[in-house]
Amino acid sequence: MAKLLDLIAQIDQLDREDVIFVKPKWRPDSEASAFRLTEDYRVPEEVRALGYEYFLEVDTINQILEEFRSRPDASLDEKCERIIHYATYDA
């Protein structure tokens with residue numbers, strides 16, 4: 001079982017077309033996994049059956065992480081909180 005924080009830490013190892021799904025509530029320690037949408041861009045039924053909610057695309061997360069290039073001292077927790085904020089209020 002991966003945590004959202006773990007997936008953010010390993011984001012470079014995920015495919016750009018993957019989508020992160022997270023079990024509610026969205027926190028750094030929430031259970032999370034990466035899946036690919038169906039050919040018609042829908043959430044796979046297996047993902048819903050597991051209790052995951054659509055969070056963000058890997059590519060979008062990478063774009064958010066670009067903000068931190070000028071802050072190499074930013075912690076993984078800070079990055080994760082910024083991504084959660086974006087997913088909650090801006091996506």
# chains A, B, ... in the order shown; residues from 1 in each chain; ligands from 1
>>> residues_around(residues="Val19 in chain A", least_positions_apart="3", cutoff="10 Å", atoms="only C-alpha atoms", output="list of chain:residue names")
A:Leu14, A:Asp15, A:Arg16, A:Val22, A:Ser33, A:Ala34, A:Phe35, A:Arg36, A:Leu37, A:Val43, A:Tyr54, A:Phe55, A:Leu56, A:Glu57, A:Val58, A:Asp59, A:Thr60, A:Ile61
>>> write_last_selection(atoms="N, CA and C atoms", output="JSON list (two decimals), in the first residue's frame")
[["chain", "number", "residue", "atom", "x", "y", "z"],
["A", 14, "LEU", "N", 6.93, 7.40, -12.58],
["A", 14, "LEU", "CA", 5.61, 7.10, -13.11],
["A", 14, "LEU", "C", 5.48, 7.61, -14.53],
["A", 15, "ASP", "N", 4.61, 6.98, -15.29],
["A", 15, "ASP", "CA", 4.35, 7.39, -16.65],
["A", 15, "ASP", "C", 3.57, 8.70, -16.65],
["A", 16, "ARG", "N", 3.91, 9.59, -17.56],
["A", 16, "ARG", "CA", 3.24, 10.90, -17.65],
["A", 16, "ARG", "C", 1.74, 10.78, -17.87],
["A", 22, "VAL", "N", -6.51, 8.66, -4.95],
["A", 22, "VAL", "CA", -6.26, 8.68, -3.51],
["A", 22, "VAL", "C", -7.55, 8.34, -2.78],
["A", 33, "SER", "N", -2.61, 5.35, -5.31],
["A", 33, "SER", "CA", -2.09, 4.48, -6.35],
["A", 33, "SER", "C", -2.19, 5.19, -7.69],
["A", 34, "ALA", "N", -1.40, 4.73, -8.64],
["A", 34, "ALA", "CA", -1.42, 5.29, -9.99],
["A", 34, "ALA", "C", -2.08, 4.29, -10.93],
["A", 35, "PHE", "N", -2.98, 4.79, -11.74],
["A", 35, "PHE", "CA", -3.67, 3.99, -12.74],
["A", 35, "PHE", "C", -3.74, 4.79, -14.03],
["A", 36, "ARG", "N", -4.06, 4.12, -15.09],
["A", 36, "ARG", "CA", -4.29, 4.79, -16.37],
["A", 36, "ARG", "C", -5.79, 4.84, -16.61],
["A", 37, "LEU", "N", -6.27, 5.94, -17.15],
["A", 37, "LEU", "CA", -7.68, 6.04, -17.51],
["A", 37, "LEU", "C", -7.98, 5.08, -18.65],
["A", 43, "VAL", "N", -12.59, 6.76, -15.46],
["A", 43, "VAL", "CA", -11.95, 6.08, -14.34],
["A", 43, "VAL", "C", -12.31, 4.60, -14.42],
["A", 54, "TYR", "N", -10.38, 10.15, -7.94],
["A", 54, "TYR", "CA", -9.49, 10.84, -8.87],
["A", 54, "TYR", "C", -8.80, 11.98, -8.13],
["A", 55, "PHE", "N", -7.48, 12.08, -8.28],
["A", 55, "PHE", "CA", -6.72, 13.12, -7.61],
["A", 55, "PHE", "C", -6.15, 14.07, -8.65],
["A", 56, "LEU", "N", -5.05, 13.70, -9.29],
["A", 56, "LEU", "CA", -4.43, 14.53, -10.34],
["A", 56, "LEU", "C", -3.65, 13.65, -11.30],
["A", 57, "GLU", "N", -3.43, 14.18, -12.50],
["A", 57, "GLU", "CA", -2.59, 13.51, -13.48],
["A", 57, "GLU", "C", -1.12, 13.69, -13.07],
["A", 58, "VAL", "N", -0.31, 12.70, -13.37],
["A", 58, "VAL", "CA", 1.12, 12.77, -13.08],
["A", 58, "VAL", "C", 1.73, 14.00, -13.74],
["A", 59, "ASP", "N", 1.35, 14.28, -14.96],
["A", 59, "ASP", "CA", 1.89, 15.43, -15.67],
["A", 59, "ASP", "C", 1.57, 16.74, -14.94],
["A", 60, "THR", "N", 0.38, 16.85, -14.41],
["A", 60, "THR", "CA", -0.01, 18.05, -13.66],
["A", 60, "THR", "C", 0.82, 18.17, -12.39],
["A", 61, "ILE", "N", 1.03, 17.06, -11.71],
["A", 61, "ILE", "CA", 1.85, 17.08, -10.49],
["A", 61, "ILE", "C", 3.26, 17.55, -10.83]]
>>> select_by_dssp(residues="chain A", states="alpha helix (DSSP H)", output="PyMOL selection string")
chain A and resi 4-9+45-49+58-65+76-85
>>> closest_residue(among="A:Gly51, A:Glu39, A:Ala9, A:Met1", to="Cys80 in chain A", atoms="only C-alpha atoms")
A:Ala9
>>> residues_around(residues="range 81-90 of chain A", least_positions_apart="3", cutoff="12 Å", atoms="only C-alpha atoms", output="JSON, numbers by chain")
{"A": [4, 5, 7, 8, 20, 21, 22, 24, 25, 26, 27, 28, 29, 30, 53, 54, 55, 56, 57, 58, 60, 61, 62, 63, 64, 65, 66, 67, 68, 74, 75, 76, 77, 78]}
>>> write_last_selection(atoms="N, CA, C and O atoms", output="tab-separated table (two decimals), in the first residue's frame")
chain	number	residue	atom	x	y	z
A	4	LEU	N	0.28	8.73	-0.51
A	4	LEU	CA	0.40	9.83	-1.47
A	4	LEU	C	1.80	10.42	-1.42
A	4	LEU	O	2.41	10.66	-2.47
A	5	LEU	N	2.34	10.59	-0.24
A	5	LEU	CA	3.69	11.14	-0.09
A	5	LEU	C	4.72	10.27	-0.82
A	5	LEU	O	5.63	10.80	-1.47
A	7	LEU	N	4.19	8.35	-3.49
A	7	LEU	CA	4.04	8.53	-4.93
A	7	LEU	C	4.61	9.86	-5.40
A	7	LEU	O	5.22	9.93	-6.47
A	8	ILE	N	4.43	10.90	-4.59
A	8	ILE	CA	5.01	12.20	-4.94
A	8	ILE	C	6.54	12.09	-4.97
A	8	ILE	O	7.19	12.62	-5.87
A	20	ILE	N	-3.03	9.81	-10.58
A	20	ILE	CA	-2.96	9.42	-9.18
A	20	ILE	C	-4.39	9.41	-8.63
A	20	ILE	O	-5.14	10.36	-8.82
A	21	PHE	N	-4.71	8.34	-7.95
A	21	PHE	CA	-5.99	8.20	-7.27
A	21	PHE	C	-5.69	8.03	-5.79
A	21	PHE	O	-4.73	7.35	-5.42
A	22	VAL	N	-6.51	8.66	-4.95
A	22	VAL	CA	-6.26	8.68	-3.51
A	22	VAL	C	-7.55	8.34	-2.78
A	22	VAL	O	-8.63	8.75	-3.19
A	24	PRO	N	-10.08	8.94	0.21
A	24	PRO	CA	-10.38	10.12	1.01
A	24	PRO	C	-9.97	9.91	2.46
A	24	PRO	O	-9.93	8.79	2.91
A	25	LYS	N	-9.68	10.92	3.10
A	25	LYS	CA	-9.39	12.32	2.93
A	25	LYS	C	-8.01	12.46	2.32
A	25	LYS	O	-7.13	11.68	2.61
A	26	TRP	N	-7.83	13.51	1.57
A	26	TRP	CA	-6.55	13.73	0.92
A	26	TRP	C	-5.55	14.32	1.90
A	26	TRP	O	-5.63	15.48	2.26
A	27	ARG	N	-4.62	13.49	2.30
A	27	ARG	CA	-3.52	13.89	3.19
A	27	ARG	C	-2.25	13.21	2.68
A	27	ARG	O	-2.32	12.24	1.93
A	28	PRO	N	-1.09	13.67	3.11
A	28	PRO	CA	0.15	13.04	2.66
A	28	PRO	C	0.21	11.54	2.98
A	28	PRO	O	0.78	10.77	2.21
A	29	ASP	N	-0.43	11.12	4.06
A	29	ASP	CA	-0.37	9.70	4.44
A	29	ASP	C	-1.56	8.90	3.94
A	29	ASP	O	-1.73	7.73	4.30
A	30	SER	N	-2.40	9.48	3.08
A	30	SER	CA	-3.54	8.76	2.51
A	30	SER	C	-3.06	7.69	1.54
A	30	SER	O	-2.08	7.87	0.83
A	53	GLU	N	-10.39	7.85	-5.21
A	53	GLU	CA	-10.96	8.99	-5.91
A	53	GLU	C	-9.91	9.59	-6.83
A	53	GLU	O	-8.72	9.58	-6.52
A	54	TYR	N	-10.38	10.15	-7.94
A	54	TYR	CA	-9.49	10.84	-8.87
A	54	TYR	C	-8.80	11.98	-8.13
A	54	TYR	O	-9.45	12.76	-7.44
A	55	PHE	N	-7.48	12.08	-8.28
A	55	PHE	CA	-6.72	13.12	-7.61
A	55	PHE	C	-6.15	14.07	-8.65
A	55	PHE	O	-6.71	15.12	-8.90
A	56	LEU	N	-5.05	13.70	-9.29
A	56	LEU	CA	-4.43	14.53	-10.34
A	56	LEU	C	-3.65	13.65	-11.30
A	56	LEU	O	-3.18	12.57	-10.95
A	57	GLU	N	-3.43	14.18	-12.50
A	57	GLU	CA	-2.59	13.51	-13.48
A	57	GLU	C	-1.12	13.69	-13.07
A	57	GLU	O	-0.74	14.71	-12.50
A	58	VAL	N	-0.31	12.70	-13.37
A	58	VAL	CA	1.12	12.77	-13.08
A	58	VAL	C	1.73	14.00	-13.74
A	58	VAL	O	2.54	14.71	-13.13
A	60	THR	N	0.38	16.85	-14.41
A	60	THR	CA	-0.01	18.05	-13.66
A	60	THR	C	0.82	18.17	-12.39
A	60	THR	O	1.28	19.26	-12.03
A	61	ILE	N	1.03	17.06	-11.71
A	61	ILE	CA	1.85	17.08	-10.49
A	61	ILE	C	3.26	17.55	-10.83
A	61	ILE	O	3.85	18.36	-10.11
A	62	ASN	N	3.80	17.07	-11.93
A	62	ASN	CA	5.14	17.51	-12.35
A	62	ASN	C	5.17	19.02	-12.60
A	62	ASN	O	6.15	19.69	-12.26
A	63	GLN	N	4.11	19.56	-13.18
A	63	GLN	CA	4.05	21.00	-13.42
A	63	GLN	C	4.03	21.77	-12.11
A	63	GLN	O	4.69	22.81	-11.98
A	64	ILE	N	3.30	21.28	-11.12
A	64	ILE	CA	3.25	21.94	-9.81
A	64	ILE	C	4.62	21.89	-9.15
A	64	ILE	O	5.07	22.86	-8.55
A	65	LEU	N	5.29	20.76	-9.28
A	65	LEU	CA	6.61	20.61	-8.66
A	65	LEU	C	7.64	21.55	-9.28
A	65	LEU	O	8.65	21.86	-8.64
A	66	GLU	N	7.38	22.04	-10.48
A	66	GLU	CA	8.28	23.01	-11.11
A	66	GLU	C	8.41	24.28	-10.26
A	66	GLU	O	9.44	24.94	-10.28
A	67	GLU	N	7.35	24.60	-9.51
A	67	GLU	CA	7.38	25.77	-8.63
A	67	GLU	C	8.52	25.68	-7.60
A	67	GLU	O	8.97	26.69	-7.10
A	68	PHE	N	8.92	24.48	-7.29
A	68	PHE	CA	9.91	24.26	-6.23
A	68	PHE	C	11.35	24.25	-6.74
A	68	PHE	O	12.27	24.07	-5.95
A	74	ALA	N	12.96	22.94	-0.02
A	74	ALA	CA	11.57	22.61	0.31
A	74	ALA	C	11.46	21.12	0.63
A	74	ALA	O	12.01	20.27	-0.06
A	75	SER	N	10.73	20.81	1.67
A	75	SER	CA	10.57	19.42	2.09
A	75	SER	C	9.54	18.71	1.23
A	75	SER	O	8.69	19.35	0.57
A	76	LEU	N	9.59	17.41	1.26
A	76	LEU	CA	8.61	16.61	0.53
A	76	LEU	C	7.22	16.86	1.09
A	76	LEU	O	6.24	16.92	0.33
A	77	ASP	N	7.10	17.08	2.39
A	77	ASP	CA	5.80	17.39	2.99
A	77	ASP	C	5.24	18.70	2.43
A	77	ASP	O	4.05	18.79	2.14
A	78	GLU	N	6.09	19.72	2.29
A	78	GLU	CA	5.66	21.00	1.72
A	78	GLU	C	5.15	20.81	0.30
A	78	GLU	O	4.11	21.37	-0.08
>>> atom_distance(atom1="CA of Ala2 in chain A", atom2="CA of Lys23 in chain A")
10.9 Å
>>> atom_distance(atom1="CA of Glu46 in chain A", atom2="CA of Asp12 in chain A")
24.6 Å
>>> atom_distance(atom1="CA of Val47 in chain A", atom2="CA of Ile11 in chain A")
19.3 Å
>>> select_by_dssp(residues="chain A", states="strand (DSSP E or B)", output="list in words")
Ala2, Lys3, Val19, Ile20, Phe21, Val22, Glu31, Ala32, Ser33, Ala34, Phe35, Glu53, Tyr54, Phe55, Leu56 and Glu57 of chain A
>>> closest_residue(among="A:Glu31, A:Thr38, A:Asp6, A:Ser70", to="Tyr52 in chain A", atoms="only C-alpha atoms")
A:Glu31
>>> decode(residues="range 48-74 of chain A", atoms="N, CA, C and O atoms", output="CSV table (one decimal), in the first residue's frame")
chain,number,residue,atom,x,y,z
A,48,ARG,N,-12.6,2.5,-8.8
A,48,ARG,CA,-13.8,2.9,-7.9
A,48,ARG,C,-14.1,1.9,-6.9
A,48,ARG,O,-14.4,2.2,-5.7
A,49,ALA,N,-14.0,0.6,-7.3
A,49,ALA,CA,-14.3,-0.5,-6.4
A,49,ALA,C,-13.4,-0.6,-5.2
A,49,ALA,O,-13.7,-1.0,-4.2
A,50,LEU,N,-12.1,-0.1,-5.5
A,50,LEU,CA,-11.1,-0.1,-4.4
A,50,LEU,C,-11.3,1.1,-3.5
A,50,LEU,O,-10.6,1.2,-2.5
A,51,GLY,N,-12.2,2.0,-3.8
A,51,GLY,CA,-12.4,3.2,-2.9
A,51,GLY,C,-11.6,4.4,-3.2
A,51,GLY,O,-11.5,5.3,-2.4
A,52,TYR,N,-10.9,4.4,-4.3
A,52,TYR,CA,-10.0,5.5,-4.7
A,52,TYR,C,-10.9,6.6,-5.4
A,52,TYR,O,-11.8,6.3,-6.1
A,53,GLU,N,-10.4,7.9,-5.2
A,53,GLU,CA,-11.0,9.0,-5.9
A,53,GLU,C,-9.9,9.6,-6.8
A,53,GLU,O,-8.7,9.6,-6.5
A,54,TYR,N,-10.4,10.1,-7.9
A,54,TYR,CA,-9.5,10.8,-8.9
A,54,TYR,C,-8.8,12.0,-8.1
A,54,TYR,O,-9.4,12.8,-7.4
A,55,PHE,N,-7.5,12.1,-8.3
A,55,PHE,CA,-6.7,13.1,-7.6
A,55,PHE,C,-6.1,14.1,-8.7
A,55,PHE,O,-6.7,15.1,-8.9
A,56,LEU,N,-5.0,13.7,-9.3
A,56,LEU,CA,-4.4,14.5,-10.3
A,56,LEU,C,-3.6,13.7,-11.3
A,56,LEU,O,-3.2,12.6,-10.9
A,57,GLU,N,-3.4,14.2,-12.5
A,57,GLU,CA,-2.6,13.5,-13.5
A,57,GLU,C,-1.1,13.7,-13.1
A,57,GLU,O,-0.7,14.7,-12.5
A,58,VAL,N,-0.3,12.7,-13.4
A,58,VAL,CA,1.1,12.8,-13.1
A,58,VAL,C,1.7,14.0,-13.7
A,58,VAL,O,2.5,14.7,-13.1
A,59,ASP,N,1.3,14.3,-15.0
A,59,ASP,CA,1.9,15.4,-15.7
A,59,ASP,C,1.6,16.7,-14.9
A,59,ASP,O,2.4,17.6,-14.9
A,60,THR,N,0.4,16.9,-14.4
A,60,THR,CA,0.0,18.0,-13.7
A,60,THR,C,0.8,18.2,-12.4
A,60,THR,O,1.3,19.3,-12.0
A,61,ILE,N,1.0,17.1,-11.7
A,61,ILE,CA,1.9,17.1,-10.5
A,61,ILE,C,3.3,17.6,-10.8
A,61,ILE,O,3.8,18.4,-10.1
A,62,ASN,N,3.8,17.1,-11.9
A,62,ASN,CA,5.1,17.5,-12.3
A,62,ASN,C,5.2,19.0,-12.6
A,62,ASN,O,6.1,19.7,-12.3
A,63,GLN,N,4.1,19.6,-13.2
A,63,GLN,CA,4.1,21.0,-13.4
A,63,GLN,C,4.0,21.8,-12.1
A,63,GLN,O,4.7,22.8,-12.0
A,64,ILE,N,3.3,21.3,-11.1
A,64,ILE,CA,3.3,21.9,-9.8
A,64,ILE,C,4.6,21.9,-9.2
A,64,ILE,O,5.1,22.9,-8.6
A,65,LEU,N,5.3,20.8,-9.3
A,65,LEU,CA,6.6,20.6,-8.7
A,65,LEU,C,7.6,21.5,-9.3
A,65,LEU,O,8.7,21.9,-8.6
A,66,GLU,N,7.4,22.0,-10.5
A,66,GLU,CA,8.3,23.0,-11.1
A,66,GLU,C,8.4,24.3,-10.3
A,66,GLU,O,9.4,24.9,-10.3
A,67,GLU,N,7.3,24.6,-9.5
A,67,GLU,CA,7.4,25.8,-8.6
A,67,GLU,C,8.5,25.7,-7.6
A,67,GLU,O,9.0,26.7,-7.1
A,68,PHE,N,8.9,24.5,-7.3
A,68,PHE,CA,9.9,24.3,-6.2
A,68,PHE,C,11.3,24.2,-6.7
A,68,PHE,O,12.3,24.1,-6.0
A,69,ARG,N,11.6,24.4,-8.0
A,69,ARG,CA,12.9,24.5,-8.6
A,69,ARG,C,13.8,25.6,-7.9
A,69,ARG,O,15.0,25.4,-7.7
A,70,SER,N,13.1,26.7,-7.6
A,70,SER,CA,13.8,27.8,-7.0
A,70,SER,C,13.9,27.6,-5.4
A,70,SER,O,14.5,28.4,-4.8
A,71,ARG,N,13.4,26.5,-4.9
A,71,ARG,CA,13.4,26.3,-3.5
A,71,ARG,C,13.9,24.8,-3.2
A,71,ARG,O,13.1,24.0,-2.8
A,72,PRO,N,15.2,24.5,-3.5
A,72,PRO,CA,15.7,23.2,-3.4
A,72,PRO,C,15.6,22.7,-1.9
A,72,PRO,O,15.7,21.5,-1.7
A,73,ASP,N,15.4,23.6,-1.0
A,73,ASP,CA,15.4,23.2,0.4
A,73,ASP,C,13.9,22.8,0.9
A,73,ASP,O,13.7,22.4,2.0
A,74,ALA,N,13.0,22.9,0.0
A,74,ALA,CA,11.6,22.6,0.3
A,74,ALA,C,11.5,21.1,0.6
A,74,ALA,O,12.0,20.3,-0.1
